[in-house]
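**Q** The following block contains the structure, expressed as structure tokens.
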Amino acid sequence: MNTTVEKRRALIINVAYFALIIGAFYLFMRYAFWTVSPFIFAFFIAMLLQKPVYAVTKRTHLKKGFVSFTAVFFIAALLAGLVALAGTTVLTELKGFASKLTETFKSIPEFIAGAEAWVLGLLEPLPDAIEGSLSASVNDFTENLLSAFSQHGEDFATPGKAPAMQFDFSTLITPLSGVISTASKLPAFLISIIIFFIATCFITADYDRIVNFIKRQLPEDKRAALTKTKALTLSTLGKMVKAYCLIICITFTEILIGLTALNLLGFYSGSYRVVISLCIAVVDIFPILGSGTVLIPWGIISLLRGNIGLGVGLLVLYVIITVLRQYIEPKLVAGQLGLPPAATLVAMYLGLKIFGIPGIFMLPLIITILKVLNDDGIIHIWKPSRAGSAEGTSSVELRIPKLKTKKNTKGRKTK
């Protein structure tokens with residue numbers, strides 16, 4: 001009886017403990033993370049800069065503060081140059097995208113009529129009564145679309161021409177208030193950027209002092225656990241960032257080559273291939289979306305509009321990207337670092353609902369790091385995948401004593 005009560009009490013304590021941790025994590029991420037984020041990111045960048053800064057100070061005998069400031073300034077200048085170069089390329093491509101969008105907008109009535117004819121052709125084998133009813137519904141729907149477009153769409157399709165209709169300026173109140181609210185946050189954002197760079201310089205220079213202060217507040221075994229956690233976390237993040245950056249580059253190259261080939265064959269006449277390739281490559285990283293979110297609808301619409309070559313080419317390009325992605329990703333991203341697809345989907349959904357758009361990225365990443373730490377025996381949230389076997393059980397159980405001192409280990413063995 002006492003054993004049962006003790007087990008229930010331990011279960012309640014564990015549930016309350018994890019609930020408290022989850023609640024504290026939620027409150028921090030919801031209300032405090034963005035306030036202290038400049039210092040968090042600054043500490044992370046300073047951590048990455050330690051090895052190169054040490055190497056330079058050792059060879060040149062310069063002060064660490066000067067080397068730290070120079071390294072941070074060099075990285076900031078490099079990032080600013082890359083952003084400026086990419087921004088120029090994107091703006092150039094967007095000009096062609098805008099003109100192409102205008103031409104596409106003009107062809108909407110033709111596309112609607114073609115889609116209507118295609119749907120009506122699918123309805124012909126049905127019985128006369130059902131076919132007549134559905135055809136009438138399709139005709140009414142397309143007539144409403146064409147009517148709406150003829151009233152307002154043609155003016156928008158003509159560059160420099162505004163719609164000829166009465167405009168109620170009260171409808172601008174909500175959008176303008178949103179623009180003003182966003183603009184009012186720009187000074188705070190710029191201040192955060194400045195504080196981030198200053199904090200990065202200071203933390204990089206005083207990194208050893210800060211880390212030693214934190215370690216002095218912890219017991220000996222916790223220091224070893226903290227060091228191991230830091231090493232595993234950086235290793236995991238480094239592998240994931242390298243792998244997915246390489247996947248983005250590979251996907252971008254594939255799409256750019258595919259669109260260029262379609263352009264040379266005369267099936268594609270757009271002049272914004274770089275922008276489209278970059279957007280699809282970024283979208284392809286998301287487990288839920290993928291490159292098919294863009295390529296499949298684009299290919300189907302091209303087929304419906306009669307551009308058979310472009311439609312078939314886009315669908316073939318999607319198949320090639322998918323096959324190569326399935327072959328490349330397991331080799332680049334280690335299996336033990338990833339989450340099951342269902343867990344990733346749940347994490348992304350919960351992250352979106354709880355933390356907004358940033359939660360889509362943060363929560364799966366945090367759960368992945370927790371999984372790596374749990375599999376390595378540093379934390380114990382759930383049983384590792386190999387816990388059922390004798391080998392897996394022993395390996396998990398022997399990891400915690402390794403973090404303790406030799407004295408404690410010997411005393412434990414003697415007992």
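For the structure tokens, the naming scheme is as follows: chains receive sequential letters (A, B, ...) according to their order of presentation, residues are indexed from 1 within each chain, and ligands are indexed from 1 in presentation order.
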Quick one: residues within 12 Å of segment 14-27 of chain A, only C-alpha atoms, excluding same-chain residues fewer than 3 positions away - as a PyMOL selection string?
**A** chain A and resi 7-11+30-34+350-351+354-355+359+363+366+380-382
**Q** Could you give me the residues within segment 209-329 of chain A that DSSP places in helix (DSSP H, G or I), as a count of residues only?
**A** 99
**Q** Closest to Phe197 of chain A among A:Ile45, A:Ala117, A:Ile112, A:Ala231, using only C-alpha atoms?
**A**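 Of A:Ile45, A:Ala117, A:Ile112, A:Ala231, the one nearest Phe197 of chain A, counting only C-alpha atoms, is A:Ile45.
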**Q** Have a look at A:Leu262, A:Val67, A:Leu237, A:Leu314 and name the one nearest to Pro52 of chain A; count only C-alpha atoms.
**A**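 Checking each candidate against Pro52 of chain A, we get A:Val67 as the closest.
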**Q** Between atom CA of Cys201 of chain A and atom CA of Val72 of chain A, what distance in Å does the model show, to one decimal?
**A**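 The value is 6.4 Å.
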**Q** Determine the nearest neighbour of Lys239 of chain A from the options A:Ala55, A:Ile280, A:Ile369, A:Ile379, counting only C-alpha atoms.
**A**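 Checking each candidate against Lys239 of chain A, we get A:Ile369 as the closest.
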**Q** So which residues touch Ala71 of chain A within 12 Å, counting only C-alpha atoms, skipping near sequence neighbours fewer than 6 positions away, as an MDAnalysis selection string?
**A** chainID A and resid 45:46 48:57 64:65 77:78 197 200:202 204:205
**Q** At what distance in Å, to one decimal, does atom CA of Phe252 of chain A lie from atom CA of Leu365 of chain A?
**A**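 The value is 23.1 Å.
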**Q** What does the distance from atom CA of Thr35 of chain A to atom CA of Phe196 of chain A come to in Å, to one decimal?
**A**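 A separation of 11.5 Å between them.
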**Q** Using only C-alpha atoms, which of A:Leu264, A:Ile247, A:Val211, A:Leu295 sits nearest Leu324 of chain A?
**A**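 Going through A:Leu264, A:Ile247, A:Val211, A:Leu295 one by one, the smallest distance to Leu324 of chain A is for A:Ile247.
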**Q** Could you list, as a count of residues only, every residue within 12 Å of Ala113 of chain A, counting only C-alpha atoms and ignoring same-chain residues fewer than 4 positions away?
**A** 16
**Q** Please provide the set of residues having any atom within 10 Å of Thr293 of chain A, restricted to only C-alpha atoms, with same-chain residues fewer than 4 positions apart removed, written as a ChimeraX atom specification.
**A** /A:280,283-284,288-289,297-298,318
**Q** Take the residues from that selection and write them out as a short mmCIF file (atom, residue, chain, number, x, y, z; two decimals), in the first residue's frame, keeping C-alpha atoms.
**A**
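Saved result, selection20.cif, follows:
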data_model
loop_
_atom_site.label_atom_id
_atom_site.label_comp_id
_atom_site.auth_asym_id
_atom_site.auth_seq_id
_atom_site.Cartn_x
_atom_site.Cartn_y
_atom_site.Cartn_z
CA ILE A 280 10.85 27.81 -53.78
CA VAL A 283 9.69 26.96 -48.98
CA ASP A 284 11.06 23.49 -49.73
CA ILE A 288 4.53 20.64 -44.41
CA LEU A 289 4.96 22.73 -47.56
CA PRO A 297 -0.23 24.46 -58.89
CA TRP A 298 1.98 26.39 -61.32
CA TYR A 318 9.17 18.80 -59.13
#
**Q** Measuring atom to atom with only C-alpha atoms, identify which of A:Arg216, A:Ala261, A:Phe189, A:Asn374 is nearest to Ser37 of chain A.
**A**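 The shortest atom-to-atom distance to Ser37 of chain A comes from A:Phe189.
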**Q** Hey, what's within 12 Å of Ile328 of chain A if we count only C-alpha atoms and toss same-chain stuff fewer than 6 positions away? As a tab-separated table (two decimals) with N, CA and C atoms, in the first residue's frame, please?
**A**
chain	number	residue	atom	x	y	z
A	243	ALA	N	23.60	21.46	-42.95
A	243	ALA	CA	22.86	20.54	-43.81
A	243	ALA	C	21.75	21.26	-44.57
A	244	TYR	N	20.97	22.06	-43.86
A	244	TYR	CA	19.83	22.70	-44.51
A	244	TYR	C	20.25	23.85	-45.41
A	246	LEU	N	22.97	23.72	-47.18
A	246	LEU	CA	23.40	23.00	-48.38
A	246	LEU	C	22.19	22.52	-49.18
A	247	ILE	N	21.13	22.06	-48.48
A	247	ILE	CA	19.92	21.61	-49.18
A	247	ILE	C	19.27	22.78	-49.92
A	248	ILE	N	19.23	23.97	-49.27
A	248	ILE	CA	18.67	25.15	-49.92
A	248	ILE	C	19.47	25.49	-51.18
A	250	ILE	N	21.32	23.48	-53.01
A	250	ILE	CA	21.12	22.45	-54.04
A	250	ILE	C	19.76	22.64	-54.71
A	251	THR	N	18.70	22.84	-53.91
A	251	THR	CA	17.36	23.04	-54.48
A	251	THR	C	17.31	24.29	-55.33
A	320	ILE	N	11.97	15.57	-60.07
A	320	ILE	CA	13.43	15.48	-59.93
A	320	ILE	C	13.87	16.03	-58.57
A	321	ILE	N	13.33	17.18	-58.18
A	321	ILE	CA	13.70	17.78	-56.89
A	321	ILE	C	13.31	16.86	-55.74
A	322	THR	N	12.11	16.27	-55.82
A	322	THR	CA	11.65	15.39	-54.74
A	322	THR	C	12.52	14.16	-54.62
A	334	ALA	N	21.71	13.81	-40.14
A	334	ALA	CA	21.78	12.51	-39.46
A	334	ALA	C	20.42	12.15	-38.90
